[in-house]
>>> print(open('protein_27.txt').read())   # compact mmCIF, C-alpha atoms
# COMPACT_ATOMS: atom_id res chain seq x y z
CA MET A 158 -37.42 23.01 -12.67
CA GLY A 159 -40.73 22.90 -10.83
CA LEU A 160 -41.27 22.31 -7.12
CA THR A 161 -42.70 18.84 -7.76
CA SER A 162 -40.03 17.84 -10.30
CA ASN A 163 -38.17 14.59 -9.62
CA LYS A 164 -35.01 16.32 -10.83
CA VAL A 165 -35.29 18.92 -8.08
CA LEU A 166 -35.74 16.19 -5.46
CA ALA A 167 -32.81 14.18 -6.85
CA LEU A 168 -30.60 17.28 -6.86
CA ALA A 169 -31.49 18.06 -3.24
CA VAL A 170 -30.76 14.48 -2.13
CA LEU A 171 -27.48 14.43 -4.06
CA SER A 172 -26.47 17.74 -2.45
CA ALA A 173 -27.24 16.38 1.03
CA VAL A 174 -25.19 13.21 0.40
CA LEU A 175 -22.21 15.13 -1.02
CA LEU A 176 -22.27 17.63 1.84
CA PHE A 177 -22.38 14.81 4.39
CA ILE A 178 -19.40 13.09 2.74
CA GLY A 179 -17.57 16.40 2.51
CA THR A 180 -18.21 17.11 6.18
CA VAL A 181 -16.75 13.75 7.23
CA TRP A 182 -13.77 14.20 4.88
CA LEU A 183 -12.95 17.75 5.98
CA TRP A 184 -13.65 17.34 9.71
CA PRO A 185 -10.02 16.57 10.74
CA ARG A 186 -8.90 19.74 9.01
CA LEU A 187 -11.70 21.77 10.63
CA ALA A 188 -11.02 20.36 14.12
CA ARG A 189 -8.34 22.96 14.79
CA ARG A 190 -8.75 26.02 16.96
CA GLY A 191 -9.25 29.45 15.54
CA TRP A 192 -12.15 31.38 14.11
CA ARG A 193 -11.65 30.03 10.59
CA ALA A 194 -11.91 26.41 11.74
CA VAL A 195 -14.93 27.17 13.94
CA GLY A 196 -16.60 29.06 11.11
CA GLY A 197 -15.89 26.18 8.76
CA ARG A 198 -17.48 23.66 11.13
CA ILE A 199 -20.55 25.83 11.51
CA GLY A 200 -20.78 26.32 7.75
CA VAL A 201 -20.56 22.66 6.71
CA LEU A 202 -22.95 21.53 9.47
CA LEU A 203 -25.47 24.22 8.57
CA ALA A 204 -25.23 23.51 4.84
CA THR A 205 -25.69 19.77 5.41
CA GLN A 206 -28.71 20.25 7.65
CA VAL A 207 -30.32 22.68 5.18
CA ALA A 208 -29.80 20.18 2.34
CA VAL A 209 -31.30 17.35 4.42
CA PHE A 210 -34.23 19.56 5.44
CA MET A 211 -34.89 20.50 1.80
CA SER A 212 -34.73 16.86 0.72
CA VAL A 213 -37.23 15.78 3.37
CA GLY A 214 -39.50 18.75 2.63
CA LEU A 215 -39.49 18.12 -1.13
CA ALA A 216 -40.15 14.41 -0.62
CA ALA A 217 -43.03 15.16 1.77
CA ASN A 218 -44.50 17.67 -0.68
CA GLN A 219 -44.40 15.11 -3.49
CA ALA A 220 -46.01 12.48 -1.26
CA PHE A 221 -48.76 14.68 0.17
CA GLY A 222 -49.21 17.38 -2.48
CA PHE A 223 -49.11 20.45 -0.25
CA TYR A 224 -47.87 22.92 -2.90
CA ALA A 225 -47.93 22.74 -6.68
CA SER A 226 -45.26 25.31 -7.58
CA TRP A 227 -42.63 27.65 -6.14
CA ALA A 228 -45.11 30.53 -6.45
CA ASP A 229 -47.69 28.50 -4.54
CA LEU A 230 -45.15 27.75 -1.80
CA LEU A 231 -44.19 31.42 -1.49
CA GLY A 232 -47.80 32.62 -1.46
CA GLN A 233 -47.43 34.43 -4.78
CA GLU A 234 -50.18 32.52 -6.61
CA THR A 235 -53.04 34.95 -6.15
CA GLY A 236 -54.44 35.73 -9.60
CA GLN A 237 -57.76 34.35 -10.78
CA GLY A 238 -58.00 33.82 -14.51
CA VAL A 239 -60.97 35.25 -16.36
CA VAL A 240 -61.98 34.38 -19.92
CA VAL A 241 -63.45 37.22 -21.98
CA ASP A 242 -65.03 36.38 -25.37
CA HIS A 243 -65.01 39.37 -27.72
CA ASP A 244 -66.20 37.90 -30.99
CA GLY A 245 -68.73 35.30 -29.89
CA ALA A 246 -66.69 32.50 -31.45
CA ASP A 247 -66.82 29.02 -29.95
CA THR A 248 -63.68 28.79 -27.82
CA GLY A 249 -64.66 25.54 -26.17
CA GLY A 250 -66.94 26.92 -23.49
CA PRO A 251 -66.15 27.16 -19.79
CA LEU A 252 -63.89 24.08 -19.87
CA ARG A 253 -60.72 23.75 -21.94
CA VAL A 254 -58.51 20.65 -22.20
CA VAL A 255 -54.84 21.61 -22.02
CA ASP A 256 -53.15 18.19 -21.77
CA THR A 257 -53.83 14.47 -21.71
CA GLN A 258 -52.02 11.62 -19.99
CA ARG A 259 -52.36 7.88 -19.64
CA VAL A 260 -53.69 6.12 -16.58
CA ASN A 261 -51.05 4.11 -14.74
CA VAL A 262 -52.64 0.70 -15.29
CA THR A 263 -51.89 -2.27 -17.52
CA GLY A 264 -52.71 -1.28 -21.10
CA GLY A 265 -53.12 2.34 -20.03
CA ALA A 266 -51.53 3.66 -23.23
CA ARG A 267 -54.84 2.91 -24.99
CA PRO A 268 -57.81 4.96 -23.72
CA GLN A 269 -60.20 2.13 -24.64
CA VAL A 270 -58.34 -0.07 -22.13
CA GLY A 271 -57.00 2.24 -19.44
CA GLY A 272 -59.16 5.31 -19.82
CA GLN A 273 -57.57 8.75 -19.91
CA ILE A 274 -56.70 11.65 -17.62
CA GLN A 275 -57.27 15.11 -19.07
CA LYS A 276 -55.84 18.24 -17.51
CA VAL A 277 -58.38 21.04 -17.92
CA GLU A 278 -58.94 24.69 -17.12
CA ILE A 279 -62.40 25.58 -15.84
CA VAL A 280 -63.89 29.07 -15.68
CA GLY A 281 -67.17 29.56 -13.84
CA ARG A 282 -69.82 31.24 -15.97
CA THR A 283 -71.43 32.99 -13.01
CA THR A 284 -68.68 33.21 -10.39
CA ARG A 285 -65.81 33.91 -12.82
CA ILE A 286 -63.64 31.65 -10.68
CA ALA A 287 -60.95 29.87 -12.67
CA SER A 288 -59.40 26.61 -11.54
CA PRO A 289 -57.26 23.83 -13.02
CA ALA A 290 -58.49 20.27 -12.63
CA TYR A 291 -57.85 16.73 -13.77
CA VAL A 292 -60.68 14.71 -15.33
CA TYR A 293 -60.51 10.91 -15.36
CA LEU A 294 -62.51 9.30 -18.17
CA PRO A 295 -63.08 5.53 -17.82
CA PRO A 296 -62.24 3.13 -20.68
CA GLU A 297 -65.94 2.74 -21.54
CA TYR A 298 -66.07 6.44 -22.42
CA PHE A 299 -63.92 5.67 -25.48
CA GLN A 300 -65.47 2.35 -26.49
CA PRO A 301 -67.82 2.41 -29.52
CA GLU A 302 -70.61 0.47 -27.82
CA TYR A 303 -70.87 3.21 -25.15
CA ARG A 304 -70.71 6.19 -27.52
CA THR A 305 -74.24 7.35 -26.67
CA ARG A 306 -74.09 6.56 -22.97
CA THR A 307 -73.79 9.16 -20.22
CA PHE A 308 -71.78 8.46 -17.08
CA PRO A 309 -72.15 9.39 -13.42
CA ALA A 310 -69.60 11.91 -12.20
CA ALA A 311 -67.88 12.46 -8.87
CA VAL A 312 -66.03 15.62 -7.90
CA VAL A 313 -62.92 14.77 -5.85
CA LEU A 314 -61.38 17.46 -3.62
CA THR A 315 -58.03 17.67 -1.85
CA GLY A 316 -57.40 19.21 1.53
CA TYR A 317 -55.90 22.66 2.06
CA PRO A 318 -53.69 23.77 0.43
CA GLY A 319 -53.31 20.56 -1.57
CA THR A 320 -52.79 20.02 -5.29
CA ALA A 321 -55.06 18.36 -7.82
CA GLU A 322 -52.04 16.40 -9.03
CA ALA A 323 -51.81 14.70 -5.63
CA LEU A 324 -55.21 13.08 -6.21
CA VAL A 325 -53.71 11.37 -9.26
CA LYS A 326 -50.16 10.60 -8.15
CA GLY A 327 -50.51 10.38 -4.37
CA LEU A 328 -54.02 9.06 -3.72
CA HIS A 329 -54.37 7.11 -7.00
CA PHE A 330 -58.03 7.89 -7.59
CA PRO A 331 -57.97 7.06 -11.34
CA GLN A 332 -56.23 3.71 -10.82
CA THR A 333 -58.59 2.78 -8.00
CA ALA A 334 -61.69 3.77 -9.99
CA HIS A 335 -60.38 1.76 -12.95
CA SER A 336 -59.74 -1.40 -10.93
CA SER A 337 -63.05 -1.13 -9.05
CA ALA A 338 -65.01 -0.94 -12.33
CA ARG A 339 -62.92 -3.67 -13.94
CA ASP A 340 -63.63 -6.00 -11.02
CA GLY A 341 -67.35 -5.21 -11.09
CA LYS A 342 -67.30 -3.51 -7.69
CA ALA A 343 -68.28 -0.09 -9.06
CA GLN A 344 -69.78 1.33 -12.21
CA PRO A 345 -67.59 3.33 -14.62
CA MET A 346 -67.52 6.95 -13.43
CA ILE A 347 -66.02 10.25 -14.51
CA LEU A 348 -63.88 11.84 -11.80
CA VAL A 349 -63.33 15.60 -11.68
CA MET A 350 -60.30 16.13 -9.44
CA LEU A 351 -59.29 19.53 -8.09
CA ARG A 352 -58.50 21.38 -4.90
CA PRO A 353 -61.02 23.47 -2.97
CA THR A 354 -58.50 26.34 -2.90
CA VAL A 355 -59.89 28.10 -5.96
CA ALA A 356 -58.78 31.56 -4.78
CA PRO A 357 -55.20 30.85 -3.68
CA PRO A 358 -53.66 31.33 -1.23
CA ARG A 359 -56.91 31.94 0.66
CA ASP A 360 -58.71 29.01 2.24
CA THR A 361 -62.35 29.86 1.50
CA GLU A 362 -63.80 26.64 3.00
CA CYS A 363 -66.25 26.37 0.07
CA VAL A 364 -68.12 29.44 1.34
CA ASP A 365 -69.72 32.20 -0.74
CA VAL A 366 -67.68 34.94 0.92
CA PRO A 367 -69.59 38.25 1.03
CA GLY A 368 -67.77 40.58 -1.33
CA GLY A 369 -65.26 37.80 -2.10
CA PRO A 370 -64.94 34.49 -3.95
CA GLN A 371 -68.25 32.71 -4.45
CA THR A 372 -66.71 29.31 -3.87
CA GLU A 373 -69.83 27.38 -2.90
CA SER A 374 -71.64 28.60 -6.00
CA PHE A 375 -68.67 27.58 -8.14
CA PHE A 376 -68.84 23.98 -6.91
CA ALA A 377 -72.64 23.79 -6.75
CA ARG A 378 -73.42 25.41 -10.09
CA ASP A 379 -70.51 26.39 -12.32
CA LEU A 380 -68.43 23.23 -12.06
CA PRO A 381 -71.23 20.75 -12.92
CA ASP A 382 -72.34 23.10 -15.70
CA ALA A 383 -68.87 23.30 -17.25
CA VAL A 384 -68.25 19.57 -17.05
CA GLY A 385 -71.74 18.77 -18.32
CA HIS A 386 -71.26 20.92 -21.41
CA HIS A 387 -68.01 19.20 -22.33
CA TYR A 388 -68.41 15.55 -21.30
CA ARG A 389 -71.15 12.91 -21.48
CA VAL A 390 -72.24 13.07 -17.86
CA GLY A 391 -75.69 12.49 -16.43
CA ARG A 392 -77.65 15.72 -16.07
CA ARG A 393 -80.52 14.59 -13.87
CA PRO A 394 -80.51 14.72 -10.05
CA GLY A 395 -78.72 11.64 -8.80
CA SER A 396 -75.94 11.67 -11.39
CA TRP A 397 -73.36 13.57 -9.34
CA GLY A 398 -71.48 12.81 -6.14
CA ILE A 399 -68.62 14.50 -4.33
CA ILE A 400 -65.66 13.16 -2.31
CA GLY A 401 -62.97 14.99 -0.36
CA ASP A 402 -60.34 14.60 2.31
CA SER A 403 -59.76 16.95 5.26
CA THR A 404 -60.91 20.42 4.11
CA GLY A 405 -62.18 18.77 0.95
CA GLY A 406 -64.10 16.31 3.12
CA TYR A 407 -65.85 19.15 4.93
CA CYS A 408 -66.64 20.75 1.58
CA ALA A 409 -67.99 17.49 0.18
CA LEU A 410 -70.38 17.01 3.10
CA LYS A 411 -71.49 20.62 3.10
CA LEU A 412 -72.16 20.70 -0.64
CA ALA A 413 -74.17 17.47 -0.47
CA VAL A 414 -76.18 18.82 2.49
CA HIS A 415 -76.74 22.29 1.02
CA HIS A 416 -77.32 21.15 -2.59
CA PRO A 417 -78.88 17.66 -2.56
CA ARG A 418 -80.39 18.10 -6.04
CA VAL A 419 -76.87 18.58 -7.39
CA TYR A 420 -74.94 16.08 -5.27
CA ALA A 421 -76.86 12.91 -4.47
CA ALA A 422 -74.00 11.67 -2.29
CA GLY A 423 -71.09 13.24 -0.42
CA ALA A 424 -68.15 11.46 1.20
CA GLY A 425 -65.82 13.12 3.70
CA LEU A 426 -62.52 11.39 4.47
CA SER A 427 -61.26 12.65 7.84
CA PRO A 428 -63.59 15.65 7.62
CA TYR A 429 -64.47 18.33 10.11
CA TYR A 430 -67.96 19.73 10.41
CA LYS A 431 -67.64 23.48 10.86
CA ALA A 432 -65.74 26.07 8.84
CA PRO A 433 -62.80 27.35 10.89
CA ILE A 434 -61.73 30.98 11.10
CA ASP A 435 -57.96 31.46 11.14
CA ALA A 436 -55.13 33.25 9.38
CA THR A 437 -55.62 31.21 6.18
CA THR A 438 -59.36 31.89 5.88
CA GLY A 439 -59.70 35.50 6.94
CA ASP A 440 -63.20 36.70 7.77
CA LEU A 441 -65.38 34.32 5.77
CA PHE A 442 -68.76 35.59 6.93
CA GLN A 443 -68.37 39.38 7.28
CA GLY A 444 -70.68 39.41 10.29
CA ASN A 445 -73.40 37.40 8.52
CA ARG A 446 -74.69 35.12 11.29
CA THR A 447 -76.88 33.04 8.97
CA LEU A 448 -73.96 32.29 6.68
CA ARG A 449 -71.79 31.37 9.66
CA ASN A 450 -74.45 29.08 11.13
CA GLU A 451 -75.12 27.33 7.83
CA ALA A 452 -71.40 26.58 7.48
CA ASP A 453 -71.74 24.52 10.68
CA LEU A 454 -73.16 21.15 9.61
CA PHE A 455 -74.39 20.31 13.11
CA TRP A 456 -76.34 23.58 13.25
CA TYR A 457 -77.67 23.13 9.72
CA LEU A 458 -79.04 19.64 10.30
CA LYS A 459 -80.65 20.72 13.56
CA HIS A 460 -82.32 23.86 12.20
CA ARG A 461 -82.99 23.23 8.49
CA PRO A 462 -85.10 20.58 6.72
CA ALA A 463 -83.18 17.35 6.33
CA PRO A 464 -81.84 17.05 2.75
CA ASP A 465 -82.50 14.00 0.58
CA THR A 466 -78.87 12.98 0.14
CA SER A 467 -76.45 10.24 1.23
CA LEU A 468 -73.41 10.99 3.38
CA LEU A 469 -70.30 8.97 4.19
CA VAL A 470 -67.84 9.95 6.93
CA THR A 471 -64.54 8.33 7.92
CA SER A 472 -62.34 8.36 10.99
CA SER A 473 -60.09 6.16 13.12
CA ARG A 474 -60.47 5.10 16.74
CA GLN A 475 -56.82 5.94 17.30
CA GLY A 476 -54.88 8.66 15.54
CA GLU A 477 -57.70 10.92 14.30
CA THR A 478 -58.78 14.07 16.12
CA ASN A 479 -62.25 14.03 14.52
CA TYR A 480 -63.28 10.65 15.97
CA LYS A 481 -65.68 11.89 18.66
CA ALA A 482 -67.16 14.59 16.42
CA THR A 483 -67.70 11.97 13.72
CA LEU A 484 -69.60 9.68 16.10
CA ASP A 485 -71.73 12.64 17.20
CA PHE A 486 -72.42 13.54 13.57
CA ILE A 487 -73.48 9.98 12.76
CA GLU A 488 -75.92 9.95 15.69
CA LEU A 489 -77.37 13.30 14.62
CA VAL A 490 -77.91 12.29 10.99
CA LYS A 491 -79.44 8.91 11.91
CA GLY A 492 -82.47 10.80 13.19
CA LYS A 493 -82.78 13.14 10.19
CA ARG A 494 -84.58 11.23 7.46
CA PRO A 495 -84.46 11.33 4.46
CA THR A 496 -80.74 12.06 4.93
CA ARG A 497 -78.79 8.80 4.99
CA ILE A 498 -75.45 8.24 6.75
CA SER A 499 -72.71 5.63 6.36
CA SER A 500 -69.24 5.43 7.87
CA ILE A 501 -65.80 3.88 7.65
CA ILE A 502 -64.13 3.67 11.07
CA LEU A 503 -60.59 2.25 11.11
CA ASP A 504 -58.99 0.86 14.25
CA SER A 505 -56.02 3.18 13.75
CA GLY A 506 -55.01 5.76 11.22
CA GLY A 507 -54.03 9.36 10.82
CA HIS A 508 -54.69 12.53 8.92
CA ASN A 509 -52.59 11.42 5.96
CA PHE A 510 -52.48 9.86 2.51
CA ASN A 511 -51.81 6.33 3.77
CA THR A 512 -55.04 6.34 5.77
CA TRP A 513 -57.07 7.79 2.92
CA ARG A 514 -55.69 5.28 0.41
CA ARG A 515 -57.09 2.55 2.69
CA GLU A 516 -60.53 4.20 2.57
CA ILE A 517 -60.75 5.21 -1.10
CA PRO A 518 -61.68 1.80 -2.65
CA ALA A 519 -64.67 1.37 -0.34
CA THR A 520 -65.60 5.04 -0.78
CA LEU A 521 -65.69 4.76 -4.58
CA GLN A 522 -67.78 1.60 -4.35
CA TRP A 523 -70.15 3.33 -1.92
CA ILE A 524 -70.65 6.43 -4.05
CA SER A 525 -70.98 4.36 -7.23
CA GLY A 526 -73.95 2.54 -5.72
CA ARG A 527 -75.75 5.84 -5.08
CA LEU A 528 -75.35 7.49 -8.47
CA SER A 529 -77.35 7.16 -11.67
CA ASP A 530 -75.85 7.33 -15.16
CA ARG A 531 -78.86 9.18 -16.59
>>> encode(input="protein_27.txt", output="structure tokens")
Amino acid sequence: MGLTSNKVLALAVLSAVLLFIGTVWLWPRLARRGWRAVGGRIGVLLATQVAVFMSVGLAANQAFGFYASWADLLGQETGQGVVVDHDGADTGGPLRVVDTQRVNVTGGARPQVGGQIQKVEIVGRTTRIASPAYVYLPPEYFQPEYRTRTFPAAVVLTGYPGTAEALVKGLHFPQTAHSSARDGKAQPMILVMLRPTVAPPRDTECVDVPGGPQTESFFARDLPDAVGHHYRVGRRPGSWGIIGDSTGGYCALKLAVHHPRVYAAGAGLSPYYKAPIDATTGDLFQGNRTLRNEADLFWYLKHRPAPDTSLLVTSSRQGETNYKATLDFIELVKGKRPTRISSIILDSGGHNFNTWRREIPATLQWISGRLSDR
């Protein structure tokens, strides 16, 4: 049973309940003196607390999508898949669909009504980075009258470590995109949902690490190329946008700033503005000062030509640590035409799914208005 399985969570909760009942039931017997009674009290209290801790941890992981599997939790997920073609046969290109699922909306069993979510494996042609992802296709993608139409696409990134599944089950991006288009608030869009951690367990901060994973190139070049070869997405500048939360929000802003001809719009939900260096990232820049400076969005916008792209940043007046930095970033970008800046500032919120779910509908509407379907 997987880490995110409902059966595992139910088993942990059941164990905690049974241990609590057992502790209450056995306590009179364990209230005696002697090392056996003391050891018994310690044992049942410890077992109960461990079961409660596991239940809370599993529930939090399902709600926030921190880890996708036991191997991910234990830091054992380190391999990067590489596809090698030996005979030149068509194996489906750099993107392969491995599963499909319905969208959790009324009539979602029919793709023409609810759209469809496809689980895919993507392998970068140039970076050789392999990553799983979920692709949301709107209902129009399957309707006969739209069979020759291309659609705008938005990459959606989690935080670190995050799971792509959390974007579907926790943040409800497909359902929100579906309802926004149905209500005429946004155009139908393809969403490509994945985590920025493409070289787990390392947090590469969407940087082309010297001698390491070329993460920025994967998102700027390989990912749009793979999706464009498999789906009917717009290929011209202006067809692609990118959204992310936390680490994904930083990546979204940086990719839109560094690659405006790829991403016409970038939205950062609770983002930060400079790549950190810590135990999860390692040495991202290998002494390369230019690379380090360009990973700082404040430095980049002060010292490089302003990119022709649209940016959206979000924060909260209370509960968010990035509030002041976000206001400073807005003021900086306002004077850097042709770069455009928008914001969502809540009265209160936090660095969590509940806050981001409040911001996602407006974010999808915003990015939809800045993308072309050609």
>>> closest_atom_pairs(input="protein_27.txt", of="range 330-352 of chain A", to="range 511-525 of chain A", cutoff="7 Å", atoms="all atoms listed in the file", output="tab-separated table")
residue	atom	partner	partner_atom	distance
A:Thr333	CA	A:Pro518	CA	6.3
A:Ala334	CA	A:Leu521	CA	6.8
A:Lys342	CA	A:Gln522	CA	6.1
A:Ala343	CA	A:Gln522	CA	5.0
A:Gln344	CA	A:Ser525	CA	6.0
>>> residues_around(input="protein_27.txt", residues="range 476-487 of chain A", least_positions_apart="4", cutoff="8 Å", atoms="all atoms listed in the file", output="JSON, numbers by chain")
{"A": [427, 428, 429, 430, 455, 470, 471, 472, 491, 498, 499, 500, 505, 506, 507, 508]}
>>> residues_around(input="protein_27.txt", residues="Ala424 in chain A", least_positions_apart="6", cutoff="9 Å", atoms="all atoms listed in the file", output="short mmCIF file (atom, residue, chain, number, x, y, z; two decimals) with C-alpha atoms, in the frame of the given file")
data_model
loop_
_atom_site.label_atom_id
_atom_site.label_comp_id
_atom_site.auth_asym_id
_atom_site.auth_seq_id
_atom_site.Cartn_x
_atom_site.Cartn_y
_atom_site.Cartn_z
CA GLY A 398 -71.48 12.81 -6.14
CA ILE A 399 -68.62 14.50 -4.33
CA ILE A 400 -65.66 13.16 -2.31
CA GLY A 401 -62.97 14.99 -0.36
CA ASP A 402 -60.34 14.60 2.31
CA GLY A 406 -64.10 16.31 3.12
CA TYR A 407 -65.85 19.15 4.93
CA ALA A 409 -67.99 17.49 0.18
CA LEU A 410 -70.38 17.01 3.10
CA ALA A 413 -74.17 17.47 -0.47
CA SER A 467 -76.45 10.24 1.23
CA LEU A 468 -73.41 10.99 3.38
CA LEU A 469 -70.30 8.97 4.19
CA VAL A 470 -67.84 9.95 6.93
CA THR A 471 -64.54 8.33 7.92
CA THR A 520 -65.60 5.04 -0.78
CA TRP A 523 -70.15 3.33 -1.92
CA ILE A 524 -70.65 6.43 -4.05
#
>>> closest_atom_pairs(input="protein_27.txt", of="range 331-414 of chain A", to="range 296-311 of chain A", cutoff="6 Å", atoms="all atoms listed in the file", output="JSON lines")
{"residue": "A:Met346", "atom": "CA", "partner": "A:Pro309", "partner_atom": "CA", "distance": 5.2}
{"residue": "A:Ile347", "atom": "CA", "partner": "A:Ala310", "partner_atom": "CA", "distance": 4.6}
{"residue": "A:Leu348", "atom": "CA", "partner": "A:Ala311", "partner_atom": "CA", "distance": 5.0}
{"residue": "A:Arg389", "atom": "CA", "partner": "A:Thr307", "partner_atom": "CA", "distance": 4.8}
{"residue": "A:Val390", "atom": "CA", "partner": "A:Phe308", "partner_atom": "CA", "distance": 4.7}
{"residue": "A:Gly391", "atom": "CA", "partner": "A:Thr307", "partner_atom": "CA", "distance": 5.4}
{"residue": "A:Ser396", "atom": "CA", "partner": "A:Pro309", "partner_atom": "CA", "distance": 4.9}
{"residue": "A:Trp397", "atom": "CA", "partner": "A:Ala310", "partner_atom": "CA", "distance": 5.0}
{"residue": "A:Gly398", "atom": "CA", "partner": "A:Ala311", "partner_atom": "CA", "distance": 4.5}
{"residue": "A:Ile399", "atom": "CA", "partner": "A:Ala311", "partner_atom": "CA", "distance": 5.0}
>>> write_last_selection(input="protein_27.txt", atoms="C-alpha atoms", output="PDB file, in the frame of the given file")
ATOM      1  CA  MET A 346     -67.520   6.950 -13.430  1.00  0.00           C
ATOM      2  CA  ILE A 347     -66.020  10.250 -14.510  1.00  0.00           C
ATOM      3  CA  LEU A 348     -63.880  11.840 -11.800  1.00  0.00           C
ATOM      4  CA  ARG A 389     -71.150  12.910 -21.480  1.00  0.00           C
ATOM      5  CA  VAL A 390     -72.240  13.070 -17.860  1.00  0.00           C
ATOM      6  CA  GLY A 391     -75.690  12.490 -16.430  1.00  0.00           C
ATOM      7  CA  SER A 396     -75.940  11.670 -11.390  1.00  0.00           C
ATOM      8  CA  TRP A 397     -73.360  13.570  -9.340  1.00  0.00           C
ATOM      9  CA  GLY A 398     -71.480  12.810  -6.140  1.00  0.00           C
ATOM     10  CA  ILE A 399     -68.620  14.500  -4.330  1.00  0.00           C
TER      11      ILE A 399
END
>>> closest_residue(input="protein_27.txt", among="A:Leu215, A:Ile199, A:Val419, A:Ala432", to="Leu528 in chain A", atoms="all atoms listed in the file")
A:Val419
>>> atom_distance(input="protein_27.txt", atom1="CA of Tyr388 in chain A", atom2="CA of Ser288 in chain A")
17.3 Å
>>> atom_distance(input="protein_27.txt", atom1="CA of Ala421 in chain A", atom2="CA of Thr466 in chain A")
5.0 Å
>>> atom_distance(input="protein_27.txt", atom1="CA of Pro289 in chain A", atom2="CA of Ser212 in chain A")
27.3 Å
>>> closest_residue(input="protein_27.txt", among="A:Arg190, A:Arg352, A:Lys276, A:Arg393", to="Cys408 in chain A", atoms="only C-alpha atoms")
A:Arg352
>>> residues_around(input="protein_27.txt", residues="Arg359 in chain A", least_positions_apart="4", cutoff="7 Å", atoms="all atoms listed in the file", output="tab-separated table (two decimals) with C-alpha atoms, in the coordinates of the input")
chain	number	residue	atom	x	y	z
A	354	THR	CA	-58.50	26.34	-2.90
A	437	THR	CA	-55.62	31.21	6.18
A	438	THR	CA	-59.36	31.89	5.88
>>> residues_around(input="protein_27.txt", residues="Thr361 in chain A", least_positions_apart="5", cutoff="10 Å", atoms="only C-alpha atoms", output="list in words")
Tyr317, Pro353, Thr354, Val355, Ala356, Val366, Gly369, Pro370, Gln371, Thr372, Glu373, Thr404, Ala432, Pro433, Ile434, Thr437, Thr438, Gly439, Asp440 and Leu441 of chain A
>>> closest_residue(input="protein_27.txt", among="A:Gln275, A:Gln206, A:Gly405, A:Ala287", to="Thr320 in chain A", atoms="only C-alpha atoms")
A:Gly405
>>> closest_residue(input="protein_27.txt", among="A:Tyr291, A:Tyr420, A:Trp192, A:Phe177", to="Pro381 in chain A", atoms="all atoms listed in the file")
A:Tyr420
>>> closest_residue(input="protein_27.txt", among="A:Val313, A:Ala383, A:Ala216, A:Ala188", to="Val349 in chain A", atoms="all atoms listed in the file")
A:Val313
>>> closest_residue(input="protein_27.txt", among="A:Ala194, A:Leu324, A:Leu314, A:Val260", to="Leu412 in chain A", atoms="all atoms listed in the file")
A:Leu314
>>> decode(input="protein_27.txt", residues="range 165-177 of chain A", atoms="N, CA and C atoms", output="compact mmCIF listing (two decimals), in the first residue's frame")
# COMPACT_ATOMS: atom_id res chain seq x y z
N VAL A 165 -3.96 3.04 3.88
CA VAL A 165 -2.89 3.24 4.85
C VAL A 165 -3.34 4.24 5.92
N LEU A 166 -3.97 5.33 5.49
CA LEU A 166 -4.45 6.33 6.45
C LEU A 166 -5.51 5.74 7.36
N ALA A 167 -6.45 4.98 6.79
CA ALA A 167 -7.50 4.36 7.60
C ALA A 167 -6.92 3.38 8.60
N LEU A 168 -5.92 2.60 8.18
CA LEU A 168 -5.28 1.65 9.08
C LEU A 168 -4.57 2.35 10.23
N ALA A 169 -3.89 3.47 9.93
CA ALA A 169 -3.21 4.23 10.98
C ALA A 169 -4.21 4.81 11.97
N VAL A 170 -5.32 5.36 11.48
CA VAL A 170 -6.34 5.93 12.37
C VAL A 170 -6.97 4.85 13.22
N LEU A 171 -7.28 3.70 12.59
CA LEU A 171 -7.86 2.59 13.34
C LEU A 171 -6.92 2.11 14.44
N SER A 172 -5.62 2.03 14.11
CA SER A 172 -4.63 1.60 15.11
C SER A 172 -4.58 2.58 16.27
N ALA A 173 -4.62 3.88 15.98
CA ALA A 173 -4.59 4.89 17.04
C ALA A 173 -5.81 4.78 17.94
N VAL A 174 -6.98 4.58 17.35
CA VAL A 174 -8.22 4.45 18.13
C VAL A 174 -8.18 3.21 19.01
N LEU A 175 -7.77 2.07 18.44
CA LEU A 175 -7.72 0.82 19.20
C LEU A 175 -6.69 0.90 20.33
N LEU A 176 -5.56 1.52 20.07
CA LEU A 176 -4.55 1.66 21.11
C LEU A 176 -5.03 2.58 22.23
N PHE A 177 -5.76 3.63 21.86
CA PHE A 177 -6.30 4.53 22.90
C PHE A 177 -7.30 3.77 23.78
